[in-house]
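Structure data follow from upload.csv (CSV, C-alpha atoms):
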chain,number,residue,atom,x,y,z
A,1,ARG,CA,0.0,0.0,0.0
A,2,GLU,CA,2.7,2.5,0.9
A,3,LEU,CA,5.5,1.4,-1.4
A,4,PRO,CA,4.6,1.4,-5.1
A,5,LEU,CA,7.8,-0.3,-6.3
A,6,PRO,CA,8.5,-3.1,-3.8
A,7,SER,CA,9.9,-5.6,-6.4
A,8,VAL,CA,12.2,-2.9,-7.7
A,9,CYS,CA,13.4,-1.9,-4.3
A,10,GLY,CA,14.0,-5.6,-3.5
A,11,ARG,CA,16.6,-5.6,-6.2
A,12,VAL,CA,18.3,-2.1,-6.5
A,13,CYS,CA,17.7,-0.3,-3.2
A,14,LYS,CA,20.9,0.3,-1.1
A,15,HIS,CA,18.7,-0.5,1.9
A,16,PRO,CA,19.9,2.2,4.4
A,17,CYS,CA,17.1,1.0,6.7
A,18,GLU,CA,19.1,-2.2,7.4
A,19,LEU,CA,22.0,0.0,8.8
A,20,VAL,CA,19.8,1.2,11.6
A,21,CYS,CA,17.7,-2.0,12.1
A,22,LYS,CA,17.4,-2.7,15.9
A,23,ARG,CA,17.8,-6.4,15.3
A,24,GLN,CA,21.5,-5.9,14.7
A,25,GLU,CA,21.9,-5.3,18.5
A,26,LEU,CA,20.9,-8.9,18.9
A,27,ASP,CA,22.5,-10.6,15.9
A,28,GLU,CA,22.1,-9.0,12.5
A,29,PRO,CA,19.7,-6.7,10.7
A,30,ILE,CA,16.6,-8.1,9.1
A,31,ALA,CA,17.2,-8.5,5.3
A,32,ILE,CA,14.5,-6.0,4.4
A,33,ALA,CA,15.4,-5.6,0.7
A,34,ALA,CA,15.8,-9.4,0.2
A,35,LEU,CA,12.4,-10.0,1.9
A,36,LYS,CA,10.7,-7.5,-0.4
A,37,ARG,CA,12.2,-9.3,-3.4
A,38,PHE,CA,11.2,-12.8,-2.0
A,39,VAL,CA,7.6,-11.8,-1.3
A,40,THR,CA,7.0,-9.8,-4.6
A,41,ASP,CA,8.5,-12.6,-6.7
A,42,ARG,CA,6.0,-15.1,-5.2
A,43,ALA,CA,2.8,-13.2,-4.5
A,44,ALA,CA,0.6,-12.0,-7.3
A,45,SER,CA,0.0,-8.3,-7.0
A,46,SER,CA,-3.4,-6.8,-8.0
A,47,PRO,CA,-4.1,-3.1,-8.2
A,48,ASP,CA,-5.8,-1.4,-5.3
A,49,SER,CA,-9.5,-0.6,-5.8
A,50,LEU,CA,-9.9,2.9,-7.1
A,51,PRO,CA,-11.3,5.6,-4.8
A,52,ILE,CA,-13.9,8.1,-5.9
A,53,ILE,CA,-12.2,10.2,-8.7
A,54,LYS,CA,-11.9,13.9,-8.0
A,55,ARG,CA,-12.3,16.6,-10.6
A,56,GLN,CA,-8.7,17.9,-10.3
A,57,LYS,CA,-6.0,16.7,-12.7
A,58,VAL,CA,-2.3,16.5,-11.9
A,59,ALA,CA,0.5,16.3,-14.4
A,60,VAL,CA,3.7,14.3,-13.5
A,61,ILE,CA,6.8,15.0,-15.6
A,62,GLY,CA,9.1,11.9,-15.6
A,63,SER,CA,8.3,8.3,-15.0
A,64,GLY,CA,11.3,7.4,-12.9
A,65,PRO,CA,10.9,6.3,-9.3
A,66,ALA,CA,9.9,9.7,-8.0
A,67,GLY,CA,7.3,10.3,-10.8
A,68,LEU,CA,5.9,6.8,-10.5
A,69,ALA,CA,5.6,7.1,-6.7
A,70,ALA,CA,3.8,10.4,-7.1
A,71,ALA,CA,1.4,9.1,-9.7
A,72,TYR,CA,0.7,6.0,-7.6
A,73,HIS,CA,-0.2,7.9,-4.4
A,74,LEU,CA,-2.1,10.7,-6.3
A,75,ALA,CA,-4.2,8.0,-8.0
A,76,ARG,CA,-4.9,6.4,-4.7
A,77,LEU,CA,-6.0,9.9,-3.4
A,78,GLY,CA,-8.4,10.1,-6.2
A,79,TYR,CA,-6.7,12.5,-8.6
A,80,ARG,CA,-6.7,12.1,-12.4
A,81,VAL,CA,-3.0,11.7,-13.2
A,82,THR,CA,-1.1,12.0,-16.5
A,83,VAL,CA,2.6,11.1,-16.6
A,84,PHE,CA,4.7,12.7,-19.4
A,85,GLU,CA,7.9,10.7,-20.2
A,86,ALA,CA,10.4,11.9,-22.8
A,87,ALA,CA,11.7,8.4,-23.5
A,88,PRO,CA,9.9,5.8,-25.7
A,89,GLU,CA,9.1,3.6,-22.6
A,90,ALA,CA,8.3,4.4,-19.0
A,91,GLY,CA,10.7,3.8,-16.1
A,92,GLY,CA,13.1,6.7,-16.3
A,93,MET,CA,16.5,5.7,-14.9
A,94,LEU,CA,15.2,2.4,-13.7
A,95,ARG,CA,14.9,1.4,-17.4
A,96,LEU,CA,17.6,3.6,-19.0
A,97,GLY,CA,20.4,3.5,-16.4
A,98,ILE,CA,20.1,0.2,-14.5
A,99,PRO,CA,21.2,-2.9,-16.4
A,100,GLU,CA,18.9,-5.8,-17.1
A,101,TYR,CA,21.0,-8.2,-14.9
A,102,ARG,CA,20.1,-6.0,-11.9
A,103,LEU,CA,16.5,-5.2,-12.8
A,104,PRO,CA,14.8,-7.5,-15.2
A,105,ARG,CA,12.6,-5.6,-17.6
A,106,ALA,CA,9.6,-7.9,-17.0
A,107,ILE,CA,9.7,-7.0,-13.3
A,108,LEU,CA,9.8,-3.3,-14.1
A,109,ASP,CA,7.0,-3.6,-16.7
A,110,ARG,CA,4.8,-5.5,-14.3
A,111,THR,CA,5.3,-2.8,-11.7
A,112,ILE,CA,4.4,0.0,-14.1
A,113,ASP,CA,1.4,-1.8,-15.4
A,114,ARG,CA,0.1,-2.1,-11.8
A,115,ILE,CA,0.4,1.7,-11.4
A,116,ALA,CA,-1.3,2.3,-14.8
A,117,ALA,CA,-4.1,0.0,-13.7
A,118,LEU,CA,-5.0,2.6,-11.1
A,119,GLY,CA,-6.2,4.9,-13.9
A,120,VAL,CA,-2.8,6.6,-14.5
A,121,GLU,CA,-2.2,7.7,-18.1
A,122,ILE,CA,1.4,7.4,-19.2
A,123,ARG,CA,2.4,9.4,-22.4
A,124,CYS,CA,5.8,8.3,-23.6
A,125,SER,CA,7.9,10.1,-26.2
A,126,THR,CA,6.6,13.4,-24.9
A,127,ALA,CA,9.2,15.8,-23.6
A,128,ILE,CA,8.1,19.1,-22.1
A,129,GLY,CA,9.7,21.9,-24.2
A,130,ARG,CA,10.4,19.5,-27.1
A,131,ASP,CA,7.1,17.8,-28.0
A,132,ILE,CA,4.7,20.0,-26.0
A,133,GLU,CA,5.1,23.4,-24.4
A,134,TRP,CA,4.7,24.1,-20.7
A,135,SER,CA,1.7,26.3,-21.5
A,136,GLU,CA,-0.1,23.1,-22.6
A,137,LEU,CA,-0.1,21.9,-19.0
A,138,ASP,CA,-2.4,24.7,-18.0
A,139,GLU,CA,-5.3,22.3,-18.1
A,140,PHE,CA,-3.8,20.6,-15.0
A,141,ASP,CA,-4.4,21.9,-11.5
A,142,ALA,CA,-0.9,21.0,-10.3
A,143,VAL,CA,2.4,19.7,-11.7
A,144,PHE,CA,5.0,17.4,-10.2
A,145,ALA,CA,8.3,17.6,-12.1
A,146,ALA,CA,10.8,14.7,-11.6
A,147,PRO,CA,12.8,14.7,-14.8
A,148,GLY,CA,15.8,12.9,-13.4
A,149,ALA,CA,19.5,13.6,-13.9
A,150,HIS,CA,20.5,12.7,-17.5
A,151,VAL,CA,23.4,15.0,-18.3
A,152,GLY,CA,26.8,13.5,-17.5
A,153,LYS,CA,29.4,15.7,-16.0
A,154,ASP,CA,32.5,16.4,-18.0
A,155,ALA,CA,35.6,14.5,-16.8
A,156,ARG,CA,37.9,17.2,-18.3
A,157,ILE,CA,40.4,14.7,-19.8
A,158,GLU,CA,43.0,16.7,-21.7
A,159,SER,CA,43.2,15.9,-25.5
A,160,SER,CA,39.9,13.9,-25.3
A,161,ASN,CA,38.0,16.2,-27.7
A,162,ASP,CA,36.7,14.4,-30.8
A,163,VAL,CA,37.8,11.0,-29.5
A,164,PRO,CA,34.7,8.8,-30.0
A,165,THR,CA,35.9,6.1,-27.6
A,166,ILE,CA,35.8,8.4,-24.6
A,167,ARG,CA,32.1,8.6,-23.7
A,168,ALA,CA,29.8,9.5,-20.9
A,169,GLY,CA,29.0,6.4,-18.9
A,170,LEU,CA,25.3,7.2,-18.7
A,171,GLU,CA,25.0,7.4,-22.5
A,172,PHE,CA,26.8,4.1,-22.8
A,173,LEU,CA,24.3,2.5,-20.3
A,174,LYS,CA,21.3,3.9,-22.2
A,175,GLU,CA,22.7,2.4,-25.4
A,176,VAL,CA,23.3,-1.0,-23.8
A,177,ASN,CA,20.0,-1.1,-22.0
A,178,ALA,CA,18.2,-0.3,-25.3
A,179,GLY,CA,19.6,-3.6,-26.7
A,180,ALA,CA,22.8,-2.4,-28.5
A,181,ARG,CA,26.1,-4.1,-28.1
A,182,PRO,CA,28.8,-1.4,-28.8
A,183,ALA,CA,32.3,-2.6,-29.6
A,184,VAL,CA,34.4,-1.5,-26.6
A,185,GLY,CA,37.7,-3.2,-27.4
A,186,ASP,CA,39.9,-5.3,-25.1
A,187,HIS,CA,40.6,-2.7,-22.4
A,188,VAL,CA,38.0,-0.4,-20.8
A,189,ILE,CA,38.7,2.2,-18.1
A,190,VAL,CA,35.7,3.5,-16.1
A,191,VAL,CA,36.2,6.8,-14.3
A,192,GLY,CA,34.2,7.2,-11.1
A,193,GLY,CA,33.2,5.4,-7.9
A,194,GLY,CA,29.4,5.6,-7.8
A,195,ASN,CA,26.6,3.2,-8.9
A,196,THR,CA,26.7,4.4,-12.5
A,197,ALA,CA,30.4,3.5,-12.6
A,198,MET,CA,29.8,0.1,-11.3
A,199,ASP,CA,27.0,-0.5,-13.8
A,200,CYS,CA,29.3,0.7,-16.6
A,201,ALA,CA,32.1,-1.6,-15.5
A,202,ARG,CA,30.0,-4.7,-15.2
A,203,SER,CA,28.2,-4.0,-18.5
A,204,ALA,CA,31.5,-3.5,-20.3
A,205,LEU,CA,32.7,-6.8,-18.7
A,206,ARG,CA,29.7,-8.5,-20.2
A,207,LEU,CA,30.7,-7.2,-23.6
A,208,GLY,CA,33.9,-9.1,-23.3
A,209,SER,CA,36.4,-6.5,-22.2
A,210,ALA,CA,38.9,-6.3,-19.4
A,211,VAL,CA,37.7,-3.5,-17.1
A,212,THR,CA,39.5,-1.2,-14.6
A,213,VAL,CA,37.7,1.3,-12.5
A,214,LEU,CA,39.7,4.5,-11.8
A,215,TYR,CA,38.7,6.3,-8.6
A,216,ARG,CA,40.4,9.3,-7.1
A,217,ARG,CA,39.8,8.5,-3.5
A,218,THR,CA,40.0,5.3,-1.5
A,219,PRO,CA,37.5,2.4,-1.2
A,220,LEU,CA,36.1,4.0,2.0
A,221,GLU,CA,34.9,7.1,0.2
A,222,MET,CA,33.2,5.2,-2.7
A,223,PRO,CA,29.5,6.3,-3.0
A,224,ALA,CA,28.5,3.1,-4.8
A,225,ILE,CA,26.4,0.5,-3.0
A,226,PRO,CA,29.0,-1.8,-1.2
A,227,GLN,CA,27.3,-4.9,-2.6
A,228,GLU,CA,27.7,-3.6,-6.1
A,229,VAL,CA,31.4,-3.0,-5.6
A,230,LYS,CA,31.8,-6.5,-4.1
A,231,GLU,CA,30.0,-8.1,-7.0
A,232,ALA,CA,32.1,-6.2,-9.5
A,233,LYS,CA,35.3,-7.4,-7.9
A,234,LEU,CA,34.0,-11.0,-7.8
A,235,GLU,CA,33.2,-10.8,-11.5
A,236,GLY,CA,36.7,-9.6,-12.3
A,237,VAL,CA,36.6,-5.9,-12.5
A,238,GLY,CA,39.9,-4.3,-11.5
A,239,PHE,CA,40.2,-1.2,-9.3
A,240,GLN,CA,42.9,1.5,-9.3
A,241,PHE,CA,42.3,3.8,-6.3
A,242,LEU,CA,43.8,7.3,-5.6
A,243,ALA,CA,44.2,7.9,-9.3
A,244,THR,CA,42.5,10.2,-11.8
A,245,PRO,CA,42.7,10.6,-15.6
A,246,ALA,CA,44.8,13.5,-16.8
A,247,ALA,CA,45.2,13.2,-20.6
A,248,ALA,CA,44.3,10.9,-23.5
A,249,ARG,CA,47.0,9.3,-25.6
A,250,THR,CA,45.9,9.1,-29.2
A,251,GLU,CA,47.2,8.4,-32.6
A,252,ASP,CA,45.4,9.6,-35.7
A,253,GLY,CA,42.3,10.1,-33.6
A,254,ARG,CA,42.4,6.6,-32.2
A,255,LEU,CA,42.6,6.1,-28.4
A,256,LEU,CA,45.8,4.3,-27.2
A,257,GLY,CA,45.6,4.9,-23.5
A,258,ILE,CA,45.2,7.3,-20.7
A,259,GLU,CA,47.8,9.3,-18.8
A,260,CYS,CA,46.8,9.1,-15.1
A,261,GLN,CA,47.8,11.1,-12.0
A,262,ARG,CA,48.3,9.5,-8.6
A,263,MET,CA,46.4,11.3,-5.8
A,264,GLU,CA,46.6,11.4,-2.0
A,265,LEU,CA,43.9,12.6,0.4
A,266,GLY,CA,44.4,16.1,1.8
A,267,PRO,CA,42.1,18.2,4.1
A,268,PRO,CA,38.3,17.8,3.9
A,269,ASP,CA,36.4,19.7,1.2
A,270,ASP,CA,32.9,21.1,1.3
A,271,SER,CA,31.4,17.6,1.3
A,272,GLY,CA,33.3,16.7,4.5
A,273,ARG,CA,35.4,14.1,2.6
A,274,ARG,CA,39.1,14.5,2.4
A,275,ARG,CA,40.0,16.3,-0.9
A,276,PRO,CA,42.2,14.3,-3.4
A,277,VAL,CA,45.4,16.2,-4.2
A,278,PRO,CA,48.0,15.3,-6.9
A,279,VAL,CA,51.2,13.4,-5.8
A,280,GLU,CA,54.4,15.0,-7.1
A,281,ASP,CA,55.9,13.0,-10.0
A,282,GLY,CA,52.8,10.7,-9.8
A,283,ARG,CA,52.1,10.3,-13.5
A,284,PHE,CA,51.6,6.8,-15.0
A,285,SER,CA,50.0,5.3,-18.1
A,286,MET,CA,47.2,2.8,-18.7
A,287,ILE,CA,46.3,1.0,-21.9
A,288,ALA,CA,42.7,1.8,-22.9
A,289,ASP,CA,40.6,1.1,-26.0
A,290,PHE,CA,37.5,2.7,-24.4
A,291,VAL,CA,37.0,5.1,-21.5
A,292,LEU,CA,33.7,5.7,-19.8
A,293,THR,CA,33.3,8.7,-17.5
A,294,ALA,CA,30.9,8.3,-14.6
A,295,ILE,CA,31.6,11.1,-12.2
A,296,GLY,CA,28.0,12.3,-11.7
A,297,GLU,CA,25.0,13.6,-13.6
A,298,ASP,CA,23.2,17.0,-13.7
A,299,CYS,CA,19.6,17.8,-14.4
A,300,ASP,CA,18.3,19.8,-17.3
A,301,LEU,CA,15.7,22.1,-15.8
A,302,ALA,CA,15.4,24.6,-18.6
A,303,PHE,CA,11.8,23.5,-19.2
A,304,LEU,CA,10.6,24.6,-15.8
A,305,PRO,CA,8.4,27.8,-15.8
A,306,HIS,CA,9.3,31.2,-14.4
A,307,GLY,CA,9.1,31.4,-10.7
A,308,VAL,CA,10.8,28.1,-9.9
A,309,GLU,CA,14.0,29.0,-8.1
A,310,ILE,CA,17.0,27.0,-9.1
A,311,SER,CA,20.1,26.8,-6.9
A,312,GLY,CA,23.2,24.6,-7.4
A,313,GLY,CA,21.5,22.9,-10.4
A,314,VAL,CA,18.4,21.8,-8.5
A,315,ALA,CA,15.1,23.3,-7.6
A,316,LYS,CA,14.5,24.9,-4.2
A,317,VAL,CA,11.6,23.0,-2.5
A,318,ASP,CA,10.0,22.7,0.9
A,319,GLU,CA,9.5,19.5,2.9
A,320,LEU,CA,6.5,18.5,0.7
A,321,CYS,CA,8.4,19.2,-2.5
A,322,GLU,CA,6.5,22.5,-3.3
A,323,SER,CA,8.7,24.9,-5.3
A,324,THR,CA,8.7,28.7,-5.2
A,325,ASN,CA,6.1,28.6,-7.9
A,326,ALA,CA,3.0,27.4,-5.9
A,327,SER,CA,1.4,25.1,-8.5
A,328,VAL,CA,4.7,23.3,-9.3
A,329,PHE,CA,6.2,20.6,-7.2
A,330,VAL,CA,9.7,19.2,-7.9
A,331,GLY,CA,11.3,16.0,-6.6
A,332,GLY,CA,13.7,13.2,-7.2
A,333,ASP,CA,17.1,14.1,-8.6
A,334,ALA,CA,15.8,17.5,-9.6
A,335,ALA,CA,15.5,18.5,-5.9
A,336,ASP,CA,18.3,18.8,-3.3
A,337,LEU,CA,18.0,15.2,-2.1
A,338,PRO,CA,20.3,12.2,-1.8
A,339,ARG,CA,20.3,10.4,-5.2
A,340,SER,CA,18.9,6.9,-4.6
A,341,VAL,CA,15.7,5.0,-5.5
A,342,ALA,CA,14.5,5.1,-1.9
A,343,ASP,CA,14.9,8.9,-1.6
A,344,ALA,CA,13.2,9.4,-5.0
A,345,LEU,CA,10.3,7.2,-3.9
A,346,GLY,CA,10.0,9.2,-0.7
A,347,SER,CA,10.0,12.5,-2.5
A,348,GLY,CA,7.3,11.3,-4.8
A,349,LYS,CA,5.1,10.3,-1.9
A,350,ARG,CA,5.7,13.6,-0.1
A,351,ALA,CA,4.9,15.5,-3.3
A,352,ALA,CA,1.6,13.6,-3.7
A,353,LEU,CA,0.6,14.5,-0.2
A,354,GLY,CA,1.8,18.1,-0.6
A,355,ILE,CA,-0.3,18.4,-3.8
A,356,ASP,CA,-3.3,16.9,-2.1
A,357,GLN,CA,-2.9,19.4,0.8
A,358,TRP,CA,-2.4,22.4,-1.6
A,359,LEU,CA,-5.5,21.5,-3.7
A,360,ARG,CA,-7.6,20.9,-0.6
A,361,GLU,CA,-6.7,24.4,0.7
A,362,ARG,CA,-7.5,26.0,-2.7
A,363,ALA,CA,-10.9,24.3,-2.7
A,364,GLY,CA,-11.6,25.5,0.8
A,365,GLU,CA,-11.4,22.1,2.3
A,366,ALA,CA,-9.7,21.2,5.6
A,367,PRO,CA,-6.0,20.3,4.8
A,368,ALA,CA,-4.9,16.7,5.7
A,369,ALA,CA,-3.2,16.4,9.0
A,370,LEU,CA,0.4,15.5,8.1
A,371,ASP,CA,3.4,14.7,10.3
A,372,VAL,CA,6.1,15.7,7.8
A,373,ALA,CA,8.9,14.1,9.9
A,374,ALA,CA,7.1,10.7,9.7
A,375,LEU,CA,6.9,11.0,5.9
A,376,ARG,CA,10.7,10.8,5.3
A,377,PHE,CA,11.4,7.6,3.4
What do you get writing this file as structure tokens?
Amino acid sequence: RELPLPSVCGRVCKHPCELVCKRQELDEPIAIAALKRFVTDRAASSPDSLPIIKRQKVAVIGSGPAGLAAAYHLARLGYRVTVFEAAPEAGGMLRLGIPEYRLPRAILDRTIDRIAALGVEIRCSTAIGRDIEWSELDEFDAVFAAPGAHVGKDARIESSNDVPTIRAGLEFLKEVNAGARPAVGDHVIVVGGGNTAMDCARSALRLGSAVTVLYRRTPLEMPAIPQEVKEAKLEGVGFQFLATPAAARTEDGRLLGIECQRMELGPPDDSGRRRPVPVEDGRFSMIADFVLTAIGEDCDLAFLPHGVEISGGVAKVDELCESTNASVFVGGDAADLPRSVADALGSGKRAALGIDQWLRERAGEAPAALDVAALRF
């Protein structure tokens, strides 16, 4: 009832709940994620019965975990929901960024079908600002925008311009997840230490390449899910820590390798982690046929209307995801939240409740009594 994607969470969630499970004071935490997977793999799931449908209509931009969660809870609250998805199929990063071996598409499709069965309309291949203008959303009483982060950060590797075999990791994953099998050569270097980097490394490995992950800090600072790192190592992915790419070595436009710089950890930076600093005379070379950069992604929020305040590349929102433009709510990666499936789902649920409260107030109804602290996912 409360979690719209339990079969997905059972596979890809980093399960922070298990870190604070009280059971570990006795022996070990309850395997919450594995239990979700076990139950949803074995129990048929039917849609909830629909409530009385309200007059108000809500648009949801993006069909990733935040958008799907918002659509699910809004439908259960009785609203007419239309989801706009830029990609040809729904799922957002669950479909575009997470490989099949981690999240089988049949599982994802079944989950989305269950949400659609609540009366949610999903319009794919429909990007706001490309296929339709924001003004066409005026027919809706509120909008929840959760477009996801689809713009890969630039790794700033010297001499890498116009080298086709140095690519953004996210674009590589989208291509592979769409069914393509790009030729990556014998040696692939993946730059980064997050979940996208792990997915790139393990996907390149499945394409037959030897893979090395290059990360500028130590294993302790890696933001990737520990289980994903462990499985990458077990599959044969190599790791080079305290190192960063500096320049590409090419010949006639063909990539030969990467010049790397050894690093050491200095004083903490703004994130609280110790800042990597170059080691004197610490240059070394690595052979590479293909380089995938996975050092983070940004959001393209140019489509949002006037009045939505953007700071640091994300929208400024309150605890119920309401932006500085009253009728527009923003969540998922587009808001200043930790970037995980669980946090995206939480923001979608809070946004649905925030929209419900806002529309109730506009209609002169008593707002729902909400304990915001209890709504944190």
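CA of Pro164 (chain A) lies 17.9 Å from CA of Met286 (chain A).
Residues in contact with region 206-213 of chain A at up to 6 Å, not including ones fewer than 5 positions away on its chain and judged by all atoms listed in the file, are Asp186, His187, Val188, Ile189, Val190, Val191, Val237, Gly238 and Phe239 of chain A.
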request  = Within 10 Å of Val176 (chain A), counting all atoms listed in the file, which residues show up once you throw out same-chain ones fewer than 4 positions away? Write them as a ChimeraX atom specification, please.
outcome  = /A:96-100,170-172,180-182,200,203-204,207
Between region 126-154 of chain A and region 57-60 of chain A, at 8 Å or less, what are the per-residue closest atom pairs and their distances in Å? Count only C-alpha atoms, order by chain and rising residue number, and return it as JSON lines.
{"residue": "A:Leu137", "atom": "CA", "partner": "A:Ala59", "partner_atom": "CA", "distance": 7.3}
{"residue": "A:Glu139", "atom": "CA", "partner": "A:Lys57", "partner_atom": "CA", "distance": 7.8}
{"residue": "A:Phe140", "atom": "CA", "partner": "A:Lys57", "partner_atom": "CA", "distance": 5.0}
{"residue": "A:Asp141", "atom": "CA", "partner": "A:Lys57", "partner_atom": "CA", "distance": 5.6}
{"residue": "A:Ala142", "atom": "CA", "partner": "A:Val58", "partner_atom": "CA", "distance": 5.0}
{"residue": "A:Val143", "atom": "CA", "partner": "A:Ala59", "partner_atom": "CA", "distance": 4.7}
{"residue": "A:Phe144", "atom": "CA", "partner": "A:Val60", "partner_atom": "CA", "distance": 4.7}
{"residue": "A:Ala145", "atom": "CA", "partner": "A:Val60", "partner_atom": "CA", "distance": 5.8}
{"residue": "A:Ala146", "atom": "CA", "partner": "A:Val60", "partner_atom": "CA", "distance": 7.4}
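Protein and nucleic acid residues near (49.1, 14.2, 0.0) are A:Glu264, A:Leu265, A:Gly266, A:Val277, the criterion being any atom at most 6 Å away using all atoms listed in the file.
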Long-range neighbours of Ser160 (chain A) as a tab-separated table (two decimals) with C-alpha atoms, in the coordinates of the input, 8 Å cut-off, all atoms listed in the file, 5 positions minimum in chain:
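Heads up, here's the output in selection15.tsv:
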chain	number	residue	atom	x	y	z
A	166	ILE	CA	35.80	8.40	-24.60
A	247	ALA	CA	45.20	13.20	-20.60
A	248	ALA	CA	44.30	10.90	-23.50
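Those residues that approach Ile30 (chain A) to within 8 Å, counting only C-alpha atoms, are Glu18, Cys21, Arg23 and Gln24 of chain A; same-chain residues fewer than 5 positions away are not listed.
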query = Is there a way to get, as an NGL selection string, all residues within 9 Å of the point (4.3, 24.5, -8.0) in file coordinates, counting all atoms listed in the file?
reply = :A and (142-145 or 307-308 or 321-330 or 355)
What are the closest atom pairs, with distances in Å to one decimal, for each residue of region 69-109 of chain A lying within 10 Å of region 120-131 of chain A, using all atoms listed in the file, rows by chain and rising residue number, as JSON lines?
{"residue": "A:Ala71", "atom": "CA", "partner": "A:Val120", "partner_atom": "CA", "distance": 6.9}
{"residue": "A:Tyr72", "atom": "CA", "partner": "A:Val120", "partner_atom": "CA", "distance": 7.8}
{"residue": "A:Leu74", "atom": "CA", "partner": "A:Val120", "partner_atom": "CA", "distance": 9.2}
{"residue": "A:Ala75", "atom": "CA", "partner": "A:Val120", "partner_atom": "CA", "distance": 6.8}
{"residue": "A:Tyr79", "atom": "CA", "partner": "A:Val120", "partner_atom": "CA", "distance": 9.2}
{"residue": "A:Arg80", "atom": "CA", "partner": "A:Val120", "partner_atom": "CA", "distance": 7.1}
{"residue": "A:Val81", "atom": "CA", "partner": "A:Val120", "partner_atom": "CA", "distance": 5.3}
{"residue": "A:Thr82", "atom": "CA", "partner": "A:Glu121", "partner_atom": "CA", "distance": 4.7}
{"residue": "A:Val83", "atom": "CA", "partner": "A:Ile122", "partner_atom": "CA", "distance": 4.7}
{"residue": "A:Phe84", "atom": "CA", "partner": "A:Arg123", "partner_atom": "CA", "distance": 5.0}
{"residue": "A:Glu85", "atom": "CA", "partner": "A:Cys124", "partner_atom": "CA", "distance": 4.7}
{"residue": "A:Ala86", "atom": "CA", "partner": "A:Ala127", "partner_atom": "CA", "distance": 4.2}
{"residue": "A:Ala87", "atom": "CA", "partner": "A:Ser125", "partner_atom": "CA", "distance": 5.0}
{"residue": "A:Pro88", "atom": "CA", "partner": "A:Ser125", "partner_atom": "CA", "distance": 4.8}
{"residue": "A:Glu89", "atom": "CA", "partner": "A:Cys124", "partner_atom": "CA", "distance": 5.8}
{"residue": "A:Ala90", "atom": "CA", "partner": "A:Cys124", "partner_atom": "CA", "distance": 6.5}
Store the residues of this selection in a file with C-alpha atoms, as a tab-separated table (two decimals), in the coordinates of the input.
chain	number	residue	atom	x	y	z
A	71	ALA	CA	1.40	9.10	-9.70
A	72	TYR	CA	0.70	6.00	-7.60
A	74	LEU	CA	-2.10	10.70	-6.30
A	75	ALA	CA	-4.20	8.00	-8.00
A	79	TYR	CA	-6.70	12.50	-8.60
A	80	ARG	CA	-6.70	12.10	-12.40
A	81	VAL	CA	-3.00	11.70	-13.20
A	82	THR	CA	-1.10	12.00	-16.50
A	83	VAL	CA	2.60	11.10	-16.60
A	84	PHE	CA	4.70	12.70	-19.40
A	85	GLU	CA	7.90	10.70	-20.20
A	86	ALA	CA	10.40	11.90	-22.80
A	87	ALA	CA	11.70	8.40	-23.50
A	88	PRO	CA	9.90	5.80	-25.70
A	89	GLU	CA	9.10	3.60	-22.60
A	90	ALA	CA	8.30	4.40	-19.00
query = Counting all atoms listed in the file, which of A:Arg350, A:Arg1, A:Arg274, A:His15 gets nearest to Arg76 (chain A)?
reply = A:Arg1
